[in-house]
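Enquirer: Just passing along the structure, written as structure tokens.
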Amino acid sequence: MSETSWSERLFGGFRKTQQRLAENLTEAVGTARLDDATLDQVEDALIMSDLGPSAAARIREKLREKRFGLEISPEQLKEAVAGEIAAILRPVAIPLEITAFPRPQVVLVIGVNGSGKTTTIAKLAHLFQEDDYSVMLAAGDTFRAAAIGQLATWADRVGVPLVRGHEGGDPASIVFDAVKAATDRGTDVLIVDTAGRLQNKRELMDELTKIRKVLGRLNPDAPHNVLLVLDATNGQNALNQIDVFREMAGVTGLVMTKLDGTARGGVLVAAAEQYGLPIHAIGVGEKIDDLRPFDPDLVARVIAGVA
């Protein structure tokens with residue numbers, strides 16, 4: 001997918017859902033100058049768009065420092081807000097790089113059921129293949145037969161080997177076999193799927209702990225990455241998931257999915273402000289190439305309604 005078409009997809013997906021923020025920013029400029037009443041409206045609009053109170057307050061203060069009392073048009077206000085959002089997002093826009101040696105680099109993928117975790121794994125595999133890395137998948141979510149079958153379908157579609165077991169099998173044993181297979185083949189990246197049943201949080205925590213111990217015995221640096229897949233349509237609930245999974249699994253980075261027309265996307269800003277975790281990629285659809293590295297400036301302009 002070309003960068004132009006990618007931008008069009010992202011803008012098209014956000015446009016409807018971000019329209020309210022753009023409209024509220026336009027309405028906020030009731031006078032020709034940026035005053036306290038206008039700043040109050042801007043802050044409220046940002047909070048309602050899922051940016052969270054901390055990021056909204058930060059943006060308000062930056063606008064006050066730079067433009068208080070100055071004449072400002074609605075378009076200038078949106079541009080200014082986009083600039084401040086980008087300033088929050090840029091430090092966390094960090095590509096996921098393959099640097100581990102010896103190979104493989106082990107990427108543990110976690111997230112609640114329904115977040116788009118399994119399809120994100122396939123899309124990550126495709127991204128790595130585009131950079132000429134060899135990839136293997138491990139079906140570590142043995143709690144659901146459907147998860148194993150879905151990952152197998154995607155592995156065939158992408159053209160990568162899959163290490164799998166049977167439903168109800170020991171995920172740590174599957175991960176052990178996968179690491180051995182990837183090492184023997186000289187595979188660059190091993191992506192491991194995991195269960196996402198938060199309703200059994202203690203069982204999930206024990207399972208993830210066991211997987212990490214097995215990986216650590218095979219390679220003290222593994223897992224090299226622990227990626228949390230978040231569904232952007234969950235809004236502020238996505239932040240609660242970050243809290244839970246950071247405690248359970250030591251999250252090292254985020255991937256945000258389903259930014260294709262139903263999510264406001266402001267939660268990206270809230271996550272960046274509150275946690276500072278790297279945001280490696282975002283997804284805007286179900287196609288294999290609908291996951292791309294996170295572009296903070298583009299996303300900031302979309303969120304602020306600057307088309």
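Residues are named by chain letter and number: chains run A, B, ... in the order of the structure tokens, numbers start at 1 in each chain, and ligands are numbered from 1 in the order shown.
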DSSP says strand (DSSP E or B) for which residues of region 25-139 of chain A? Put them as a list in words?

Expert: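 Result set for region 25-139 of chain A (strand (DSSP E or B)): Arg33, Glu71, Ala93, Gln105, Val106, Val107, Leu108, Val109, Ile110, Val135, Met136, Leu137, Ala138 and Ala139 of chain A.
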
Enquirer: Any chance you could tabulate, as a tab-separated table, the residues of region 191-260 of chain A at most 8 Å from region 267-289 of chain A with each one's nearest atom pair and distance in Å to one decimal, using only C-alpha atoms, in chain and rising number order?

Expert:
residue	atom	partner	partner_atom	distance
A:Ala232	CA	A:Val267	CA	7.0
A:Gly235	CA	A:Val267	CA	5.7
A:Gln236	CA	A:Val267	CA	6.3
A:Ala238	CA	A:Val267	CA	7.5
A:Leu239	CA	A:Ala271	CA	6.5
A:Thr252	CA	A:Leu277	CA	6.6
A:Gly253	CA	A:Pro278	CA	4.8
A:Leu254	CA	A:Ile279	CA	4.7
A:Val255	CA	A:Ala281	CA	5.1
A:Met256	CA	A:Ile282	CA	4.7
A:Thr257	CA	A:Gly283	CA	4.5
A:Lys258	CA	A:Val284	CA	5.4
A:Leu259	CA	A:Val284	CA	4.7
A:Asp260	CA	A:Val284	CA	4.3

Enquirer: Any chance you could tabulate, as JSON lines, the residues of region 49-123 of chain A at most 9 Å from region 188-195 of chain A with each one's nearest atom pair and distance in Å to one decimal, using only C-alpha atoms, in chain and rising number order?

Expert:
{"residue": "A:Ile98", "atom": "CA", "partner": "A:Val189", "partner_atom": "CA", "distance": 7.5}
{"residue": "A:Ala100", "atom": "CA", "partner": "A:Asp188", "partner_atom": "CA", "distance": 8.4}
{"residue": "A:Pro102", "atom": "CA", "partner": "A:Asp188", "partner_atom": "CA", "distance": 9.0}
{"residue": "A:Arg103", "atom": "CA", "partner": "A:Asp188", "partner_atom": "CA", "distance": 5.5}
{"residue": "A:Pro104", "atom": "CA", "partner": "A:Asp188", "partner_atom": "CA", "distance": 4.7}
{"residue": "A:Gln105", "atom": "CA", "partner": "A:Val189", "partner_atom": "CA", "distance": 4.8}
{"residue": "A:Val106", "atom": "CA", "partner": "A:Leu190", "partner_atom": "CA", "distance": 4.9}
{"residue": "A:Val107", "atom": "CA", "partner": "A:Ile191", "partner_atom": "CA", "distance": 4.8}
{"residue": "A:Leu108", "atom": "CA", "partner": "A:Val192", "partner_atom": "CA", "distance": 4.9}
{"residue": "A:Val109", "atom": "CA", "partner": "A:Asp193", "partner_atom": "CA", "distance": 5.4}
{"residue": "A:Ile110", "atom": "CA", "partner": "A:Thr194", "partner_atom": "CA", "distance": 5.7}
{"residue": "A:Gly111", "atom": "CA", "partner": "A:Ala195", "partner_atom": "CA", "distance": 7.7}
{"residue": "A:Val112", "atom": "CA", "partner": "A:Ala195", "partner_atom": "CA", "distance": 7.7}
{"residue": "A:Asn113", "atom": "CA", "partner": "A:Ala195", "partner_atom": "CA", "distance": 7.6}
{"residue": "A:Lys117", "atom": "CA", "partner": "A:Asp193", "partner_atom": "CA", "distance": 7.9}
{"residue": "A:Thr118", "atom": "CA", "partner": "A:Asp193", "partner_atom": "CA", "distance": 7.1}
{"residue": "A:Ile121", "atom": "CA", "partner": "A:Ile191", "partner_atom": "CA", "distance": 7.0}

Enquirer: Just to confirm, what's the straight-line distance from CA of Ala80 (chain A) to CA of Arg67 (chain A) in Å (one decimal)?

Expert: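 We find that CA of Ala80 (chain A) and CA of Arg67 (chain A) lie 9.2 Å from each other.
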
Enquirer: Using DSSP on the backbone coordinates, identify the residues of region 60-199 of chain A assigned to alpha helix (DSSP H); present them as a ChimeraX atom specification.

Expert: /A:60-67,74-89,117-130,145-158,171-185

Enquirer: Report as a PyMOL selection string all protein, DNA and RNA residues lying within 10 Å of Ala125 (chain A), evaluated on only C-alpha atoms, omitting residues in the same chain fewer than 2 positions from it.

Expert: chain A and resi 119-123+127-130+133-137+154-155+158-160+189-191+288

Enquirer: I need the residues from that last selection saved to file as an mmCIF file, in the first residue's frame (with C-alpha atoms), if you can.

Expert:
data_model
loop_
_atom_site.group_PDB
_atom_site.id
_atom_site.type_symbol
_atom_site.label_atom_id
_atom_site.label_comp_id
_atom_site.auth_asym_id
_atom_site.auth_seq_id
_atom_site.Cartn_x
_atom_site.Cartn_y
_atom_site.Cartn_z
ATOM 1 C CA THR A 119 -4.904 -10.924 12.935
ATOM 2 C CA THR A 120 -2.334 -8.435 14.240
ATOM 3 C CA ILE A 121 0.166 -11.281 14.600
ATOM 4 C CA ALA A 122 -0.329 -12.161 10.935
ATOM 5 C CA LYS A 123 0.044 -8.516 9.920
ATOM 6 C CA LEU A 127 5.533 -6.416 7.942
ATOM 7 C CA PHE A 128 8.666 -8.323 8.926
ATOM 8 C CA GLN A 129 8.602 -10.242 5.658
ATOM 9 C CA GLU A 130 8.481 -6.949 3.782
ATOM 10 C CA TYR A 133 13.094 -11.196 7.788
ATOM 11 C CA SER A 134 12.112 -14.839 8.151
ATOM 12 C CA VAL A 135 9.198 -15.412 10.517
ATOM 13 C CA MET A 136 7.691 -18.276 12.495
ATOM 14 C CA LEU A 137 4.477 -18.264 14.542
ATOM 15 C CA TRP A 154 -3.336 -16.740 8.689
ATOM 16 C CA ALA A 155 0.008 -18.590 8.748
ATOM 17 C CA VAL A 158 1.094 -15.214 4.901
ATOM 18 C CA GLY A 159 3.288 -18.198 4.087
ATOM 19 C CA VAL A 160 5.070 -18.731 7.400
ATOM 20 C CA VAL A 189 11.533 -13.606 14.334
ATOM 21 C CA LEU A 190 9.312 -15.879 16.407
ATOM 22 C CA ILE A 191 5.903 -14.361 17.156
ATOM 23 C CA ILE A 288 -2.903 -8.039 5.539
#

Enquirer: Between A:Ala55, A:Ala152, A:Leu77, A:Leu63, which is the closest to Glu27 (chain A) once you count only C-alpha atoms?

Expert: A:Leu77

Enquirer: Pick the closest to Val244 (chain A) from A:Lys201, A:Gly266, A:Arg64, A:Gln150: which is it, counting only C-alpha atoms?

Expert: A:Lys201

Enquirer: Taking 3 positions as the minimum chain separation for residues in the same chain, which residues sit within 12 Å of Asp170 (chain A) when counting only C-alpha atoms? Answer as a PyMOL selection string.

Expert: chain A and resi 139-143+164-167+173-177+194-195+206-208+210-211+214

Enquirer: Write the residues of the preceding selection, restricted to N, CA and C atoms, as a short mmCIF file (atom, residue, chain, number, x, y, z; two decimals), in the first residue's frame.

Expert:
data_model
loop_
_atom_site.label_atom_id
_atom_site.label_comp_id
_atom_site.auth_asym_id
_atom_site.auth_seq_id
_atom_site.Cartn_x
_atom_site.Cartn_y
_atom_site.Cartn_z
N ALA A 139 1.41 -20.97 18.26
CA ALA A 139 0.02 -20.87 18.71
C ALA A 139 -0.06 -21.14 20.22
N GLY A 140 0.29 -20.15 21.00
CA GLY A 140 0.33 -20.30 22.45
C GLY A 140 -1.01 -20.11 23.13
N ASP A 141 -2.04 -19.71 22.37
CA ASP A 141 -3.38 -19.61 22.94
C ASP A 141 -4.07 -20.95 22.72
N THR A 142 -3.87 -21.87 23.66
CA THR A 142 -4.46 -23.21 23.54
C THR A 142 -5.80 -23.30 24.24
N PHE A 143 -6.24 -22.20 24.84
CA PHE A 143 -7.50 -22.20 25.56
C PHE A 143 -8.69 -22.34 24.61
N ARG A 164 2.21 -25.56 16.58
CA ARG A 164 0.92 -25.60 17.26
C ARG A 164 0.79 -26.89 18.04
N GLY A 165 -0.15 -26.88 18.98
CA GLY A 165 -0.48 -28.07 19.73
C GLY A 165 -1.97 -28.30 19.64
N HIS A 166 -2.52 -28.99 20.62
CA HIS A 166 -3.95 -29.26 20.62
C HIS A 166 -4.63 -28.37 21.65
N GLU A 167 -5.94 -28.23 21.52
CA GLU A 167 -6.71 -27.42 22.46
C GLU A 167 -6.50 -27.96 23.88
N SER A 173 4.99 -25.48 26.72
CA SER A 173 5.63 -26.55 25.93
C SER A 173 5.65 -26.20 24.45
N ILE A 174 4.56 -25.61 23.97
CA ILE A 174 4.50 -25.19 22.57
C ILE A 174 5.53 -24.11 22.29
N VAL A 175 5.65 -23.16 23.20
CA VAL A 175 6.64 -22.09 23.04
C VAL A 175 8.05 -22.67 23.05
N PHE A 176 8.30 -23.64 23.92
CA PHE A 176 9.61 -24.30 23.97
C PHE A 176 9.93 -24.94 22.62
N ASP A 177 8.96 -25.70 22.09
CA ASP A 177 9.18 -26.34 20.79
C ASP A 177 9.40 -25.31 19.69
N THR A 194 -0.77 -15.63 22.65
CA THR A 194 -1.08 -16.03 24.02
C THR A 194 -2.58 -15.89 24.27
N ALA A 195 -3.06 -16.52 25.33
CA ALA A 195 -4.47 -16.42 25.69
C ALA A 195 -4.77 -15.02 26.23
N ASP A 206 -0.38 -16.80 35.71
CA ASP A 206 0.47 -17.98 35.92
C ASP A 206 0.97 -18.55 34.59
N GLU A 207 0.08 -18.55 33.59
CA GLU A 207 0.45 -19.08 32.28
C GLU A 207 1.54 -18.23 31.63
N LEU A 208 1.37 -16.91 31.68
CA LEU A 208 2.37 -16.01 31.09
C LEU A 208 3.70 -16.10 31.84
N LYS A 210 4.88 -18.73 33.35
CA LYS A 210 5.51 -19.99 32.95
C LYS A 210 6.15 -19.87 31.58
N ILE A 211 5.44 -19.21 30.65
CA ILE A 211 6.00 -19.00 29.30
C ILE A 211 7.30 -18.21 29.38
N VAL A 214 10.18 -20.36 30.65
CA VAL A 214 10.67 -21.27 29.62
C VAL A 214 11.54 -20.52 28.62
#

Enquirer: Go through A:Val81, A:Ile303, A:Leu25, A:Val92 and flag the residue nearest Lys66 (chain A), using only C-alpha atoms for the distances.

Expert: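 Nearest to Lys66 (chain A): A:Val81.
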